[in-house]
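These notes are about the structure you will find just below.
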Amino acid sequence: MQVTQAVHKRSSIRAFTDQPVSNALIRELIEGASRAPSGGNVQPWQLYVLNEDAMTRFKQHVLEHPRREAPAYAIYPENLKEPYRSARFEVGEMMYALLEIPREDKAARLQRLAQNFQFFGAPAGFFCFIDQQMGPPQWSDLGMFLQTFMLLATEAGLATCAQEAWATKPQTVAEYVGAPPESMLFCGMAIGYEDTEAAVNSLKSNRFPVESFTTFMT
């Protein structure tokens, strides 16, 4: 598979089969992703992989700790302005339309939201932490690492979903994985095989036209 093919094929998968993924394959993908660009070669990512029994126990741990927690960071800016607000709203409505959950069915939407915290049924995943000393430049390194991982996973026939939603449960996650207090949870990553019969996985988000965010200087 060429890089261009992987870029176009990759999407955020929100329904997985129970087909297992080996730790050996996950390790291989992580090792490959570690070649992602990193300013000053700092390599600020800290990963905790969940698979097999560890994943089963963690999902139960989440169900047993339904507490409200202070988020690790603000996932979206307060008073998100246009055109970003509309883009976020649009993709959410597209997803719920595929799930056939109307806006007025708040209970069903909350139930669906809770699936985030079961990794959408994925058999494996990891949590990405970063030392609290790090700033925005190192956060951008995380983004490049995560994207590289997801493209390599796509090449390997796997499906993924990067989940910033986990930033709303930093205490629950940190307690389970034993992360040191100076580490901050950035996101989770669901890893597995796509449930091709799930309608939600047909979601293809729109992208802004190049002309809207690119200026070719003359």
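Chain labels A, B, ... are given in the sequence in which chains occur in the structure tokens; within each chain residues are numbered consecutively from 1, and ligands are likewise numbered from 1 in the order shown.
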Considering only C-alpha atoms, return as a PyMOL selection string whatever protein or nucleic-acid residues lie within 8 Å of range 35-48 of chain A, sequence-local ones (same chain, fewer than 6 positions apart) excluded. chain A and resi 126-131+134+137-138+141-142+144-145+148+177
Those residues you just picked out, can you put them in a file as a compact mmCIF listing (two decimals), in the first residue's frame with C-alpha atoms?
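Generated file (again.txt):
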```
# COMPACT_ATOMS: atom_id res chain seq x y z
CA PHE A 126 -3.08 2.36 24.02
CA PHE A 127 -2.97 5.54 26.04
CA CYS A 128 -0.63 8.35 25.07
CA PHE A 129 0.75 10.47 27.91
CA ILE A 130 3.14 13.41 27.86
CA ASP A 131 5.21 14.97 30.63
CA MET A 134 6.19 19.82 27.69
CA PRO A 137 5.65 22.11 20.19
CA GLN A 138 5.86 18.69 21.87
CA ASP A 141 5.11 15.89 17.99
CA LEU A 142 2.43 13.67 19.55
CA MET A 144 2.76 13.40 14.12
CA PHE A 145 3.55 10.23 16.05
CA THR A 148 2.23 7.87 11.64
CA VAL A 177 -1.84 2.15 34.08
```
Please extract the residues of range 109-199 of chain A with a backbone DSSP assignment of strand (DSSP E or B) and present them as JSON, numbers by chain. {"A": [124, 125, 126, 127, 128, 129, 130, 131, 159, 160, 161, 162, 163, 183, 184, 185, 186, 187, 188, 189, 190, 191, 192, 194]}
DSSP on the backbone, then: every residue of range 26-147 of chain A marked helix (DSSP H, G or I), written as a short mmCIF file (atom, residue, chain, number, x, y, z; two decimals) with N, CA and C atoms, in the first residue's frame.
```cif
data_model
loop_
_atom_site.label_atom_id
_atom_site.label_comp_id
_atom_site.auth_asym_id
_atom_site.auth_seq_id
_atom_site.Cartn_x
_atom_site.Cartn_y
_atom_site.Cartn_z
N ILE A 26 1.42 -4.80 17.32
CA ILE A 26 1.32 -3.46 17.88
C ILE A 26 2.70 -2.89 18.17
N ARG A 27 3.58 -3.72 18.71
CA ARG A 27 4.95 -3.26 18.99
C ARG A 27 5.65 -2.85 17.70
N GLU A 28 5.47 -3.63 16.65
CA GLU A 28 6.10 -3.31 15.36
C GLU A 28 5.61 -1.96 14.83
N LEU A 29 4.32 -1.71 14.97
CA LEU A 29 3.74 -0.45 14.49
C LEU A 29 4.23 0.73 15.34
N ILE A 30 4.32 0.53 16.64
CA ILE A 30 4.82 1.59 17.52
C ILE A 30 6.27 1.91 17.19
N GLU A 31 7.05 0.88 16.96
CA GLU A 31 8.46 1.10 16.62
C GLU A 31 8.58 1.89 15.33
N GLY A 32 7.75 1.56 14.34
CA GLY A 32 7.77 2.30 13.10
C GLY A 32 7.34 3.75 13.29
N ALA A 33 6.29 3.95 14.09
CA ALA A 33 5.78 5.30 14.34
C ALA A 33 6.77 6.16 15.08
N GLY A 39 10.82 17.47 17.35
CA GLY A 39 11.73 18.61 17.52
C GLY A 39 12.80 18.33 18.55
N GLY A 40 14.07 18.49 18.15
CA GLY A 40 15.17 18.23 19.06
C GLY A 40 15.31 16.77 19.43
N ASN A 41 14.59 15.90 18.72
CA ASN A 41 14.58 14.46 19.01
C ASN A 41 14.16 14.16 20.44
N GLU A 52 -5.77 -7.97 25.36
CA GLU A 52 -6.16 -9.23 25.99
C GLU A 52 -6.71 -9.00 27.40
N ASP A 53 -6.21 -9.68 28.41
CA ASP A 53 -6.77 -9.57 29.76
C ASP A 53 -6.66 -8.15 30.31
N ALA A 54 -5.58 -7.45 29.97
CA ALA A 54 -5.41 -6.09 30.47
C ALA A 54 -6.52 -5.18 29.96
N MET A 55 -6.93 -5.37 28.71
CA MET A 55 -8.01 -4.57 28.15
C MET A 55 -9.34 -4.94 28.81
N THR A 56 -9.58 -6.23 28.99
CA THR A 56 -10.82 -6.68 29.63
C THR A 56 -10.95 -6.09 31.03
N ARG A 57 -9.86 -6.15 31.78
CA ARG A 57 -9.89 -5.62 33.15
C ARG A 57 -10.08 -4.11 33.14
N PHE A 58 -9.45 -3.43 32.19
CA PHE A 58 -9.58 -1.98 32.14
C PHE A 58 -11.02 -1.56 31.84
N LYS A 59 -11.65 -2.21 30.87
CA LYS A 59 -13.04 -1.86 30.54
C LYS A 59 -13.94 -2.04 31.75
N GLN A 60 -13.69 -3.07 32.55
CA GLN A 60 -14.45 -3.27 33.77
C GLN A 60 -14.12 -2.18 34.79
N HIS A 61 -12.86 -1.79 34.85
CA HIS A 61 -12.41 -0.72 35.75
C HIS A 61 -13.16 0.57 35.44
N VAL A 62 -13.34 0.88 34.16
CA VAL A 62 -14.06 2.09 33.77
C VAL A 62 -15.51 2.03 34.24
N LEU A 63 -16.14 0.88 34.04
CA LEU A 63 -17.54 0.73 34.43
C LEU A 63 -17.71 0.86 35.95
N GLU A 64 -16.69 0.46 36.69
CA GLU A 64 -16.78 0.50 38.15
C GLU A 64 -16.42 1.87 38.72
N TYR A 84 -14.88 26.66 12.22
CA TYR A 84 -14.55 25.44 12.95
C TYR A 84 -15.76 24.88 13.71
N ARG A 85 -16.57 25.78 14.27
CA ARG A 85 -17.75 25.34 15.01
C ARG A 85 -18.70 24.56 14.11
N SER A 86 -18.96 25.07 12.93
CA SER A 86 -19.88 24.40 12.01
C SER A 86 -19.33 23.06 11.53
N ALA A 87 -18.02 23.00 11.32
CA ALA A 87 -17.40 21.75 10.87
C ALA A 87 -17.56 20.68 11.95
N ARG A 88 -17.37 21.06 13.21
CA ARG A 88 -17.52 20.11 14.30
C ARG A 88 -18.97 19.67 14.42
N PHE A 89 -19.91 20.62 14.34
CA PHE A 89 -21.32 20.30 14.44
C PHE A 89 -21.76 19.37 13.30
N GLU A 90 -21.29 19.66 12.09
CA GLU A 90 -21.69 18.88 10.93
C GLU A 90 -21.29 17.41 11.06
N VAL A 91 -20.04 17.15 11.45
CA VAL A 91 -19.60 15.76 11.52
C VAL A 91 -20.33 15.00 12.63
N GLY A 92 -20.67 15.70 13.70
CA GLY A 92 -21.45 15.06 14.75
C GLY A 92 -22.84 14.66 14.27
N GLU A 93 -23.48 15.56 13.54
CA GLU A 93 -24.81 15.26 13.02
C GLU A 93 -24.75 14.15 11.97
N MET A 94 -23.70 14.13 11.17
CA MET A 94 -23.53 13.05 10.19
C MET A 94 -23.43 11.70 10.88
N MET A 95 -22.67 11.66 11.98
CA MET A 95 -22.48 10.41 12.71
C MET A 95 -23.80 9.92 13.32
N TYR A 96 -24.53 10.83 13.98
CA TYR A 96 -25.77 10.42 14.62
C TYR A 96 -26.84 10.05 13.59
N ALA A 97 -26.79 10.65 12.42
CA ALA A 97 -27.72 10.27 11.36
C ALA A 97 -27.48 8.83 10.93
N LEU A 98 -26.21 8.44 10.80
CA LEU A 98 -25.88 7.07 10.44
C LEU A 98 -26.31 6.10 11.53
N LYS A 106 -31.84 12.36 23.77
CA LYS A 106 -30.63 12.64 24.56
C LYS A 106 -30.07 11.38 25.22
N ALA A 107 -30.95 10.51 25.69
CA ALA A 107 -30.50 9.30 26.37
C ALA A 107 -29.70 8.41 25.43
N ALA A 108 -30.18 8.25 24.21
CA ALA A 108 -29.49 7.41 23.24
C ALA A 108 -28.15 8.02 22.85
N ARG A 109 -28.10 9.34 22.77
CA ARG A 109 -26.84 10.00 22.43
C ARG A 109 -25.83 9.85 23.55
N LEU A 110 -26.28 9.95 24.78
CA LEU A 110 -25.37 9.75 25.91
C LEU A 110 -24.89 8.31 25.98
N GLN A 111 -25.78 7.38 25.67
CA GLN A 111 -25.40 5.97 25.66
C GLN A 111 -24.35 5.71 24.59
N ARG A 112 -24.52 6.35 23.45
CA ARG A 112 -23.53 6.21 22.37
C ARG A 112 -22.21 6.85 22.78
N LEU A 113 -22.27 8.00 23.42
CA LEU A 113 -21.05 8.67 23.88
C LEU A 113 -20.26 7.78 24.82
N ALA A 114 -20.96 7.01 25.63
CA ALA A 114 -20.30 6.12 26.59
C ALA A 114 -19.48 5.04 25.90
N GLN A 115 -19.79 4.75 24.64
CA GLN A 115 -19.02 3.75 23.90
C GLN A 115 -17.57 4.18 23.70
N ASN A 116 -17.33 5.49 23.75
CA ASN A 116 -15.95 5.98 23.71
C ASN A 116 -15.12 5.30 24.79
N PHE A 117 -15.73 5.13 25.95
CA PHE A 117 -15.00 4.66 27.11
C PHE A 117 -14.99 3.13 27.23
N GLN A 118 -15.36 2.48 26.14
CA GLN A 118 -15.16 1.04 26.00
C GLN A 118 -14.35 0.79 24.72
N PHE A 119 -13.65 1.82 24.26
CA PHE A 119 -12.83 1.74 23.04
C PHE A 119 -13.65 1.27 21.83
N PHE A 120 -14.95 1.58 21.83
CA PHE A 120 -15.85 1.20 20.73
C PHE A 120 -15.78 -0.31 20.44
N GLY A 121 -15.47 -1.09 21.47
CA GLY A 121 -15.41 -2.54 21.29
C GLY A 121 -14.09 -3.05 20.76
N PRO A 136 3.26 23.22 23.69
CA PRO A 136 2.64 23.03 22.37
C PRO A 136 3.53 22.41 21.30
N PRO A 137 4.83 22.76 21.22
CA PRO A 137 5.65 22.11 20.19
C PRO A 137 5.73 20.59 20.37
N GLN A 138 5.80 20.14 21.62
CA GLN A 138 5.86 18.69 21.87
C GLN A 138 4.49 18.04 21.65
N TRP A 139 3.42 18.80 21.89
CA TRP A 139 2.09 18.29 21.58
C TRP A 139 1.96 18.03 20.08
N SER A 140 2.56 18.91 19.27
CA SER A 140 2.51 18.68 17.82
C SER A 140 3.29 17.42 17.45
N ASP A 141 4.36 17.14 18.20
CA ASP A 141 5.11 15.89 17.99
C ASP A 141 4.20 14.68 18.23
N LEU A 142 3.36 14.76 19.28
CA LEU A 142 2.43 13.67 19.55
C LEU A 142 1.51 13.45 18.36
N GLY A 143 1.01 14.54 17.79
CA GLY A 143 0.12 14.42 16.64
C GLY A 143 0.78 13.71 15.48
N MET A 144 2.05 14.04 15.23
CA MET A 144 2.76 13.40 14.12
C MET A 144 3.02 11.93 14.42
N PHE A 145 3.34 11.63 15.67
CA PHE A 145 3.55 10.23 16.05
C PHE A 145 2.26 9.42 15.88
N LEU A 146 1.14 9.98 16.37
CA LEU A 146 -0.13 9.27 16.30
C LEU A 146 -0.58 9.06 14.87
N GLN A 147 -0.42 10.09 14.03
CA GLN A 147 -0.80 9.93 12.62
C GLN A 147 0.07 8.88 11.94
#
```
Between A:Pro209, A:Pro71, A:Gly135, A:Pro66, which has the minimum distance to Pro170 in chain A (counting only C-alpha atoms)? A:Pro71
What does the distance between CA of Gln19 in chain A and CA of Leu151 in chain A come to in Å, to one decimal place? 19.7 Å
